[in-house]
>>> print(open('protein.cif').read())   # mmCIF, C-alpha atoms
data_model
loop_
_atom_site.label_atom_id
_atom_site.label_comp_id
_atom_site.auth_asym_id
_atom_site.auth_seq_id
_atom_site.Cartn_x
_atom_site.Cartn_y
_atom_site.Cartn_z
CA MET A 1 162.80 16.66 110.62
CA LEU A 2 159.95 14.25 110.12
CA ASP A 3 157.51 16.84 111.39
CA ILE A 4 158.70 19.33 108.81
CA LEU A 5 158.31 16.79 106.01
CA LEU A 6 154.83 15.87 107.20
CA SER A 7 153.79 19.50 107.52
CA LEU A 8 155.01 20.19 104.00
CA LEU A 9 153.06 17.23 102.65
CA ILE A 10 149.90 18.29 104.45
CA LEU A 11 150.27 21.90 103.30
CA ALA A 12 150.88 20.80 99.71
CA GLY A 13 147.86 18.51 99.91
CA ALA A 14 145.65 21.25 101.29
CA ALA A 15 146.90 23.69 98.65
CA PHE A 16 146.13 21.31 95.79
CA ALA A 17 142.72 20.40 97.18
CA PHE A 18 141.98 24.11 97.46
CA ILE A 19 143.17 24.86 93.92
CA GLY A 20 141.04 22.00 92.61
CA SER A 21 137.97 23.43 94.32
CA LEU A 22 138.88 26.93 93.18
CA GLY A 23 138.76 25.58 89.64
CA LEU A 24 135.05 24.96 90.12
CA ALA A 25 134.52 28.65 90.68
CA ARG A 26 137.04 30.07 88.21
CA LEU A 27 136.73 27.94 85.12
CA PRO A 28 134.26 29.08 82.48
CA ASP A 29 132.06 26.10 81.53
CA PHE A 30 130.88 22.75 82.81
CA TYR A 31 133.40 20.64 80.92
CA THR A 32 136.43 22.64 82.01
CA ARG A 33 135.13 22.66 85.58
CA LEU A 34 135.30 18.89 85.59
CA HIS A 35 139.09 19.07 85.30
CA GLY A 36 139.67 20.79 88.63
CA PRO A 37 138.11 18.21 90.94
CA THR A 38 139.37 15.20 88.96
CA LYS A 39 143.00 16.26 88.79
CA ALA A 40 144.23 18.86 91.20
CA THR A 41 142.33 17.04 93.90
CA THR A 42 143.99 13.70 93.17
CA LEU A 43 147.41 15.06 94.05
CA GLY A 44 145.95 16.94 97.02
CA VAL A 45 144.38 13.88 98.55
CA GLY A 46 147.46 11.89 97.49
CA SER A 47 149.82 14.09 99.51
CA LEU A 48 147.53 13.96 102.54
CA LEU A 49 147.43 10.17 102.32
CA VAL A 50 151.22 9.88 102.02
CA ALA A 51 151.51 12.10 105.08
CA SER A 52 149.05 9.90 106.93
CA ALA A 53 150.85 6.69 105.94
CA VAL A 54 154.24 8.07 107.03
CA TYR A 55 152.86 9.43 110.32
CA PHE A 56 151.13 6.22 111.40
CA SER A 57 153.97 4.01 110.17
CA THR A 58 156.57 5.85 112.26
CA ARG A 59 154.65 5.74 115.53
CA GLY A 60 156.01 2.29 116.25
CA GLU A 61 152.74 0.41 115.86
CA GLY A 62 153.66 -1.27 112.62
CA ILE A 63 153.29 -0.12 109.06
CA SER A 64 150.03 1.51 108.09
CA LEU A 65 148.95 0.91 104.53
CA HIS A 66 145.24 1.68 104.69
CA GLU A 67 146.05 4.72 102.65
CA VAL A 68 147.05 2.71 99.60
CA LEU A 69 143.50 1.43 99.48
CA VAL A 70 142.04 4.92 99.71
CA THR A 71 144.30 6.01 96.84
CA LEU A 72 143.30 2.99 94.80
CA PHE A 73 139.58 3.65 95.22
CA LEU A 74 140.09 7.33 94.51
CA PHE A 75 141.90 6.52 91.27
CA ILE A 76 139.12 4.19 90.25
CA THR A 77 136.14 6.33 91.20
CA ALA A 78 137.24 9.88 90.30
CA PRO A 79 137.67 9.17 86.57
CA ALA A 80 134.50 7.08 86.43
CA SER A 81 132.39 9.86 87.91
CA ALA A 82 134.07 12.50 85.72
CA HIS A 83 133.39 10.37 82.67
CA LEU A 84 129.72 9.93 83.58
CA LEU A 85 129.23 13.61 84.39
CA SER A 86 130.74 14.68 81.13
CA LYS A 87 128.77 12.07 79.20
CA ALA A 88 125.56 13.32 80.79
CA ALA A 89 126.53 16.90 79.96
CA LEU A 90 127.12 15.93 76.34
CA HIS A 91 123.76 14.22 76.28
CA LEU A 92 122.08 17.41 77.52
CA GLN A 93 124.14 19.49 75.08
CA LEU A 94 125.28 21.86 77.80
CA ARG A 95 126.84 25.16 76.80
CA SER A 96 130.51 24.63 76.04
CA LEU A 97 133.49 26.72 75.11
CA ALA A 98 134.84 23.95 72.96
CA PRO A 99 132.75 23.30 69.86
CA LEU A 100 130.45 20.39 70.72
CA PRO A 101 131.02 17.22 68.75
CA GLU A 102 128.19 16.02 66.53
CA ALA A 103 125.31 14.32 68.30
CA PRO A 104 125.99 10.70 69.19
CA GLU A 105 124.47 7.76 67.43
CA THR A 106 120.86 8.11 68.50
CA LEU A 107 119.34 4.79 69.45
CA PRO A 108 121.73 2.06 70.48
CA ASP A 109 121.57 -0.90 68.19
CA PRO A 110 120.44 -3.73 70.46
CA ALA A 111 122.52 -6.20 68.48
CA ALA A 112 125.69 -4.27 69.31
CA HIS A 113 125.22 -4.83 73.04
CA SER A 114 123.67 -8.20 73.64
CA PRO A 115 126.11 -10.63 71.99
CA ARG A 116 128.80 -10.07 74.62
CA LEU A 117 126.41 -10.76 77.46
CA LEU A 118 124.94 -13.76 75.76
CA ALA A 119 128.38 -15.14 74.98
CA GLY A 120 129.40 -14.59 78.61
CA GLU A 121 126.42 -16.50 79.94
CA GLY A 122 127.00 -19.31 77.53
CA ASP A 123 130.46 -19.89 79.01
CA ASP A 124 129.47 -21.40 82.33
CA MET B 1 140.57 -25.91 88.09
CA ARG B 2 138.86 -23.39 85.88
CA ARG B 3 135.54 -24.04 87.63
CA LEU B 4 136.98 -23.83 91.12
CA LEU B 5 139.25 -20.86 90.57
CA PRO B 6 137.81 -18.91 87.65
CA HIS B 7 139.80 -15.72 88.12
CA PRO B 8 143.14 -16.13 89.88
CA LEU B 9 144.01 -12.46 89.31
CA ILE B 10 140.84 -11.22 90.98
CA THR B 11 141.44 -13.66 93.83
CA LEU B 12 144.89 -12.22 94.35
CA ALA B 13 143.67 -8.62 94.11
CA LEU B 14 140.82 -9.22 96.58
CA THR B 15 143.21 -10.84 99.03
CA VAL B 16 145.55 -7.86 98.89
CA VAL B 17 142.62 -5.44 99.26
CA TRP B 18 141.40 -7.38 102.30
CA LEU B 19 144.84 -7.29 103.94
CA LEU B 20 145.06 -3.54 103.33
CA LEU B 21 141.56 -3.09 104.69
CA VAL B 22 142.32 -4.82 107.98
CA ASN B 23 145.79 -3.25 107.92
CA SER B 24 147.62 -6.38 109.05
CA ALA B 25 149.41 -9.39 107.60
CA ASP B 26 148.60 -12.00 110.26
CA SER B 27 148.40 -15.52 108.91
CA GLY B 28 144.75 -15.67 110.01
CA GLN B 29 143.92 -12.60 107.99
CA ILE B 30 145.77 -14.00 104.97
CA VAL B 31 143.67 -17.17 105.12
CA LEU B 32 140.49 -15.13 105.51
CA GLY B 33 141.55 -12.90 102.62
CA LEU B 34 142.25 -15.88 100.39
CA LEU B 35 138.88 -17.35 101.34
CA LEU B 36 137.12 -14.11 100.40
CA GLY B 37 139.18 -13.82 97.25
CA TRP B 38 138.14 -17.32 96.30
CA ALA B 39 134.45 -17.01 97.17
CA ILE B 40 133.64 -13.56 95.78
CA PRO B 41 134.63 -14.34 92.15
CA LEU B 42 132.56 -17.53 92.36
CA PHE B 43 129.46 -15.60 93.41
CA THR B 44 130.02 -12.80 90.91
CA LEU B 45 131.00 -15.01 87.99
CA ARG B 46 128.38 -13.48 85.73
CA PHE B 47 129.99 -10.06 85.94
CA TRP B 48 133.27 -11.36 84.54
CA PRO B 49 132.47 -13.06 81.26
CA ASP B 50 136.03 -13.08 79.99
CA THR B 51 139.30 -13.45 81.85
CA PRO B 52 141.77 -10.62 81.35
CA ARG B 53 145.25 -11.78 80.48
CA ILE B 54 148.34 -9.82 81.35
CA HIS B 55 150.93 -10.70 78.76
CA ARG B 56 153.69 -8.41 79.96
CA PRO B 57 153.70 -7.89 83.74
CA LEU B 58 156.88 -5.80 83.54
CA ALA B 59 155.38 -3.51 80.94
CA LEU B 60 152.36 -3.10 83.23
CA LEU B 61 154.64 -2.03 86.06
CA ARG B 62 156.43 0.45 83.79
CA PHE B 63 153.05 1.77 82.66
CA ILE B 64 151.89 2.29 86.25
CA VAL B 65 155.07 4.17 87.15
CA ARG B 66 154.72 6.36 84.07
CA VAL B 67 151.07 7.12 84.87
CA LEU B 68 151.92 8.01 88.48
CA GLY B 69 154.56 10.42 87.23
CA ASP B 70 152.13 11.89 84.72
CA ILE B 71 149.52 12.36 87.44
CA VAL B 72 151.92 14.66 89.28
CA THR B 73 152.73 16.71 86.18
CA ALA B 74 149.07 16.79 85.15
CA ASN B 75 148.15 18.11 88.57
CA LEU B 76 150.74 20.84 88.36
CA THR B 77 149.59 21.77 84.84
CA VAL B 78 145.92 21.92 85.81
CA ALA B 79 146.74 23.91 88.94
CA ARG B 80 148.68 26.39 86.82
CA LEU B 81 145.82 26.67 84.33
CA ILE B 82 143.28 27.24 87.10
CA LEU B 83 145.39 29.93 88.73
CA GLY B 84 146.23 31.48 85.38
CA ARG B 85 143.73 33.31 83.23
CA PRO B 86 140.71 31.12 82.53
CA GLU B 87 139.69 33.22 79.53
CA ARG B 88 142.89 32.19 77.77
CA LEU B 89 142.02 28.48 77.86
CA ARG B 90 141.60 26.64 74.59
CA PRO B 91 139.32 23.73 75.50
CA VAL B 92 138.51 21.33 72.71
CA PHE B 93 136.88 17.95 72.09
CA VAL B 94 139.16 15.42 70.47
CA SER B 95 138.00 12.14 69.02
CA VAL B 96 140.66 9.50 69.49
CA PRO B 97 140.42 6.44 67.23
CA LEU B 98 140.94 3.30 69.29
CA ALA B 99 143.06 0.32 68.37
CA LEU B 100 142.24 -1.42 71.66
CA LYS B 101 139.61 -4.12 71.57
CA SER B 102 139.10 -5.52 75.05
CA ASP B 103 136.74 -3.84 77.51
CA LEU B 104 139.29 -3.85 80.30
CA ALA B 105 141.95 -2.14 78.21
CA ILE B 106 139.54 0.51 76.95
CA SER B 107 138.27 1.31 80.43
CA LEU B 108 141.83 1.47 81.74
CA LEU B 109 142.71 3.89 78.94
CA ALA B 110 139.68 6.06 79.72
CA ASN B 111 140.56 6.02 83.41
CA THR B 112 144.16 6.93 82.74
CA LEU B 113 143.15 9.80 80.50
CA CYS B 114 140.93 11.24 83.22
CA LEU B 115 143.84 11.18 85.66
CA THR B 116 146.47 12.55 83.31
CA PRO B 117 147.35 15.35 80.96
CA GLY B 118 144.48 17.82 81.26
CA THR B 119 141.97 15.49 79.65
CA VAL B 120 138.67 13.91 80.66
CA SER B 121 137.29 11.06 78.62
CA SER B 122 133.72 11.92 77.73
CA ARG B 123 132.16 9.32 75.55
CA LEU B 124 132.93 6.00 73.97
CA SER B 125 131.23 5.55 70.62
CA LEU B 126 128.83 2.63 70.57
CA ASP B 127 130.95 0.66 68.14
CA ARG B 128 133.96 1.13 70.46
CA GLN B 129 135.94 2.76 67.65
CA TYR B 130 136.35 6.25 69.06
CA LEU B 131 136.88 7.72 72.47
CA LEU B 132 135.77 11.32 72.80
CA VAL B 133 138.14 13.30 75.02
CA HIS B 134 137.74 16.79 76.40
CA THR B 135 140.95 18.72 77.00
CA LEU B 136 141.41 21.84 79.03
CA ASP B 137 144.01 23.60 76.95
CA THR B 138 145.35 22.37 73.63
CA ALA B 139 146.94 24.11 70.70
CA ASP B 140 146.99 21.11 68.38
CA PRO B 141 144.23 18.47 68.78
CA ASP B 142 145.81 16.06 66.29
CA GLU B 143 149.08 16.07 68.15
CA LEU B 144 147.23 15.37 71.40
CA ALA B 145 145.47 12.37 69.87
CA ALA B 146 148.82 11.08 68.60
CA THR B 147 150.40 11.54 72.04
CA ILE B 148 147.55 9.67 73.72
CA LYS B 149 147.88 6.81 71.29
CA ALA B 150 151.64 6.54 71.59
CA ARG B 151 152.01 7.17 75.30
CA TYR B 152 149.05 5.30 76.79
CA GLU B 153 147.32 3.20 74.22
CA ALA B 154 150.35 1.42 72.80
CA PRO B 155 151.58 0.09 76.18
CA LEU B 156 148.05 -1.03 77.12
CA GLN B 157 147.75 -2.86 73.85
CA GLU B 158 151.09 -4.54 74.42
CA ILE B 159 150.11 -5.58 77.94
CA PHE B 160 146.58 -6.87 77.38
CA GLU B 161 146.19 -7.79 73.77
CA ARG B 162 149.41 -9.13 72.36
CA CYS B 163 149.16 -12.90 72.22
#
>>> encode(input="protein.cif", output="structure tokens")
Amino acid sequence: MLDILLSLLILAGAAFAFIGSLGLARLPDFYTRLHGPTKATTLGVGSLLVASAVYFSTRGEGISLHEVLVTLFLFITAPASAHLLSKAALHLQLRSLAPLPEAPETLPDPAAHSPRLLAGEGDD
Amino acid sequence: MRRLLPHPLITLALTVVWLLLVNSADSGQIVLGLLLGWAIPLFTLRFWPDTPRIHRPLALLRFIVRVLGDIVTANLTVARLILGRPERLRPVFVSVPLALKSDLAISLLANTLCLTPGTVSSRLSLDRQYLLVHTLDTADPDELAATIKARYEAPLQEIFERC
């Protein structure tokens, strides 16, 4: 019974990871391609990790919760890298199916950034 | 107290991360985890100028559950879109006006958007007023912005910014 459940989880995980990667090949432009790896892959890796946690927890050597940590880091890093990639793409004005938004504010106003840092350092 | 234990939440989080990392809950590991959780914020004090406050822990829990559910649906949606006909996609950039003020809340919102409904956050305007979001397939950009504000931004505001 448990084996069947685990196999299903692993198969689902593999399927989603595959679909996410397939998105890289099938989707038309850079921005849409970002969606495949950030999303479909999350659930793919998620299912694999649940399978791993269940498998190692039921072998009688205590509960295994390493996987929670992997999930946590994945949820923190995947969006951050997607955000940076897409920001860089916007900066380079890559070809896009969606109409590109107007160019960003050109030079950052130094006053807009420094006060926070200065205030932070003044605290301690 | 404030000088010795500047960030109790980070201390707690680091301790939990340590216990998960060593994959055990021995008392020795708990002490070591607490020690790390106490020392690391002290050494990295400059990275954490302001202390985040969680006003509504229960609302945070509800938010996490909702996001986890949305991750599953988002994954299914994106998988369907990828396997469907890519030429039918209607990708669009949406500029979402932000009501959130704190850095932590804004970054959490951006993170959540990347994980959920077919959106990737692309750029935060320098004045922190607008978050530019790229969506994979949308019929009505205004409705999407309204959904984002109601479904994700409002709870975050309630959790981190209501005094």
>>> closest_residue(input="protein.cif", among="B:Ser24, B:Ser102, B:Ser95, B:Thr11", to="Phe160 (chain B)", atoms="only C-alpha atoms")
B:Ser102
>>> closest_residue(input="protein.cif", among="B:Ile148, B:Ile106, B:Cys114, B:Leu156", to="Arg128 (chain B)", atoms="all atoms listed in the file")
B:Ile106
>>> closest_residue(input="protein.cif", among="A:Leu27, A:Ala89, A:Leu34, A:Ala51", to="Leu8 (chain A)", atoms="all atoms listed in the file")
A:Ala51
>>> closest_residue(input="protein.cif", among="B:Lys149, B:Arg90, B:Arg53, B:His7", to="His134 (chain B)", atoms="only C-alpha atoms")
B:Arg90
>>> closest_residue(input="protein.cif", among="B:Gly118, B:Gly37, B:Pro91, B:Pro141", to="Ile10 (chain B)", atoms="only C-alpha atoms")
B:Gly37
>>> closest_residue(input="protein.cif", among="A:Leu74, A:Ala12, A:Ile19, A:Val54", to="chain B", atoms="only C-alpha atoms")
A:Ile19
>>> resolve_selection(input="protein.cif", expression="the PyMOL selection byres ((chain B) within 8 of (chain A))", output="ChimeraX atom specification")
/B:17,20-23,46,48-50,71-72,74-76,78-79,82-83,86-87,90-93,110-112,114-116,118-123,125-127,134-136
>>> atom_distance(input="protein.cif", atom1="CA of Val96 (chain B)", atom2="CA of Leu109 (chain B)")
11.2 Å
>>> resolve_selection(input="protein.cif", expression="the PyMOL selection byres ((chain B and resi 159) around 7)", output="VMD selection string")
chain B and resid 54 to 56 59 to 60 155 to 158 160 to 162
>>> atom_distance(input="protein.cif", atom1="CA of Leu68 (chain B)", atom2="CA of Ala99 (chain B)")
23.3 Å
>>> atom_distance(input="protein.cif", atom1="CA of Thr73 (chain B)", atom2="CA of Leu58 (chain B)")
23.0 Å
>>> residues_near_point(input="protein.cif", point="(156.7, 10.8, 101.7)", cutoff="12 Å", atoms="all atoms listed in the file", output="VMD selection string")
chain A and resid 2 to 10 12 to 13 46 to 55 57 to 58
